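Enquirer: Quick one: the structure is below, questions incoming.
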Amino acid sequence: MTGLSLALVLLSALCHVTWNLLLKRSGNQEVFAWALLIAGSVMLAPLAVALFWFHPIGMPGWWFVTATMALHVLYFFLLGRAYSRGDLSLVYPVARGIGPMFVPIMAVLILGETVALPAAIGIMLIIVGIFIVSWWGRFAEVISKPSLLLRGAGMGYAILTGLVITVYTLVDKQGVEHVQPFLYMYFLILGSGAGLAPYILRSYGLLPVLQEWRQNAWPILASGLLVFAAYGLVLTAFSLSRVSYIAPAREVGIVVSVLMGALLLKESFGRGRLLGSAFIVAGLALIALSP
C-alpha cells in the first residue's frame, strides 16, 4: 500500500467515526442517517455539477453508479434491520468482518489482484481484532451456543449486510476507474437518500423528520459532509491501491471509535478493546508495509 493510500484511509477513518459519533448522539438514528444523506446531497450539489462538467460520465460509468446506488440502499436497509433485531455485540462483528474476510479473496479471483504474505497475515489480524473488540467477555457464550450465529433474523440480516459490503466494495473499485471518485460518491449519497425516502417517510412520517432536524440541524449538516468525505477518500484510495488491501485497512476506524468512545463518551476501555485494537493496528502496519 502506498503512503498516500494509507493517509487517505486514516483520514477517512477519522471522518467516518466522527459522523458515527454524531449519529449515536442523535434522537432518532434512522431518521438522522437519512437526513444527513439528503443534507449532503443538497450542500454538495454545486461541487457535483462542477465535477460533472470537468469529468463527464460515460459508459460503463453509469452502470457502476446505478449499481452502487442500489447496493447502498440495500446496505442501509439491511443494517438497520440487523440492529433492530439482533444484539449489537453479535451483529456488528459479523456485518463488518465479512467484508475484510471476503473482499481480498474475491479481488484475487475476480480482479486478478495478488496479496503478499505479510498483507495476508495483516488481514487475518484485523479480522481477529474485530471479533476480539466486539466479543470480549462473550467468547464462552458464543462457543457454547453457536446457534446465536446461525439463527435469528438479526444475524441473518448481519450476514446479508456483510455480503452486500463485499459486493459494493468490488463494484466501487471498478467504478472509480470510470468515474471521478468524489463525483461517484455524490451519486452514491444522492441515490441512497432518494432510495430510502419511501421507507423513512412511510415508517416515521414527516413530523419526526422535522423534529430531528430542529434538534440536530448542525450535526446533520456536519455529518452530511463527513460521510461524503469518509467514503470519497476511500474511493480515491481504491484508485491508487489494491482493494484487497484498502478494504481491511478501513477497519482501523474501529480503533479510532474505541479511543473516541473512551475520551468523549466515557465508555470503558477494557482489556478486550485494548487487545483487539492492538491486533487491528498490527494488521494495518503489515498491510501498509506490504508491496
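Residues in the C-alpha cells are numbered from 1 in each chain, the chains being A, B, ... in the order shown, and ligands are numbered from 1 in the order shown.
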Write out as a PyMOL selection string the set of residues from segment 15-89 of chain A that DSSP, computed on the backbone, places in helix (DSSP H, G or I).

Expert: chain A and resi 15-24+29-43+45-54+61-85+88-89

Enquirer: Need the shell around segment 49-66 of chain A: protein/DNA/RNA residues with any atom at most 6 Å away, counting only C-alpha atoms. Skip same-chain ones fewer than 4 positions apart. Format as a list in words?

Expert: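 Within the cut-off, the hits are Gly175, His178 and Val179 of chain A.
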
Enquirer: From the list A:Arg271, A:His16, A:Lys173, A:Arg214, which residue is nearest Ser241 of chain A when using only C-alpha atoms?

Expert: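 For Ser241 of chain A, the nearest of the given residues is A:Lys173.
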
Enquirer: Counting only C-alpha atoms, what is within 7 Å of segment 233-239 of chain A, bar same-chain residues fewer than 5 positions away, as a PDB file with C-alpha atoms, in the first residue's frame?

Expert:
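That gives us out.pdb:
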ATOM      1  CA  SER A   5      -3.308   5.433   0.258  1.00  0.00           C
ATOM      2  CA  LEU A   8      -6.345   8.612   2.875  1.00  0.00           C
ATOM      3  CA  VAL A   9      -7.561   5.552   4.789  1.00  0.00           C
ATOM      4  CA  SER A  12     -11.317   8.516   6.143  1.00  0.00           C
ATOM      5  CA  LYS A 173     -13.197  -0.450  -7.018  1.00  0.00           C
ATOM      6  CA  VAL A 176     -13.796   4.677  -9.769  1.00  0.00           C
ATOM      7  CA  GLU A 177     -11.787   3.568 -12.785  1.00  0.00           C
ATOM      8  CA  PRO A 181     -14.159   9.266  -7.098  1.00  0.00           C
ATOM      9  CA  ILE A 246      -7.809  -0.978   1.342  1.00  0.00           C
TER      10      ILE A 246
END

Enquirer: Give the answer as one residue: which of A:Ile98, A:Leu221, A:Leu11, A:Arg250 has the shortest atom-to-atom distance to Ala158 of chain A, using only C-alpha atoms?

Expert: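 Once distances to Ala158 of chain A are computed over only C-alpha atoms, the minimum belongs to A:Ile98.
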
Enquirer: For the atom pair atom CA of Leu170 of chain A and atom CA of Ala107 of chain A, what is the interatomic distance in Å to one decimal place?

Expert: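 According to the coordinates, atom CA of Leu170 of chain A and atom CA of Ala107 of chain A are separated by 7.1 Å.
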
Enquirer: Need the shell around Leu274 of chain A: protein/DNA/RNA residues with any atom at most 12 Å away, counting only C-alpha atoms. Skip same-chain ones fewer than 6 positions apart. Format as a list in words?

Expert: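 Answer for this query is Gly129, Ile130, Ile132, Val133, Ser134, Trp136, Ile254, Val255, Val256, Val258, Leu259, Ala262, Ser268, Ile280 and Val281 of chain A.
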
Enquirer: Using only C-alpha atoms, please write the residues we just selected to a file, as a PDB file, in the first residue's frame.

Expert:
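After the write, part31.pdb holds the following:
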ATOM      1  CA  GLY A 129      -9.166  -7.850  16.156  1.00  0.00           C
ATOM      2  CA  ILE A 130     -12.713  -7.001  15.083  1.00  0.00           C
ATOM      3  CA  ILE A 132     -11.964  -9.519  19.981  1.00  0.00           C
ATOM      4  CA  VAL A 133     -13.168  -5.921  20.342  1.00  0.00           C
ATOM      5  CA  SER A 134     -16.779  -6.984  19.884  1.00  0.00           C
ATOM      6  CA  TRP A 136     -14.501  -9.970  24.564  1.00  0.00           C
ATOM      7  CA  ILE A 254     -12.747   0.624  14.965  1.00  0.00           C
ATOM      8  CA  VAL A 255      -9.615   1.648  16.892  1.00  0.00           C
ATOM      9  CA  VAL A 256     -10.446   5.329  16.395  1.00  0.00           C
ATOM     10  CA  VAL A 258     -12.759   2.931  20.707  1.00  0.00           C
ATOM     11  CA  LEU A 259     -10.497   5.891  21.520  1.00  0.00           C
ATOM     12  CA  ALA A 262     -13.395   6.366  25.823  1.00  0.00           C
ATOM     13  CA  SER A 268     -14.907   1.662  29.305  1.00  0.00           C
ATOM     14  CA  ILE A 280      -6.035  -4.218  14.173  1.00  0.00           C
ATOM     15  CA  VAL A 281      -3.126  -1.742  14.335  1.00  0.00           C
TER      16      VAL A 281
END

Enquirer: For Ala288 of chain A, work out the shell of residues within 8 Å, counting only C-alpha atoms and skipping chain neighbours fewer than 5 positions away, then give it as a ChimeraX atom specification.

Expert: /A:1-3,6,119

Enquirer: One number please: atom CA of Glu212 of chain A to atom CA of Asn28 of chain A, in Å, one decimal.

Expert: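 Separation of atom CA of Glu212 of chain A and atom CA of Asn28 of chain A: 6.9 Å.
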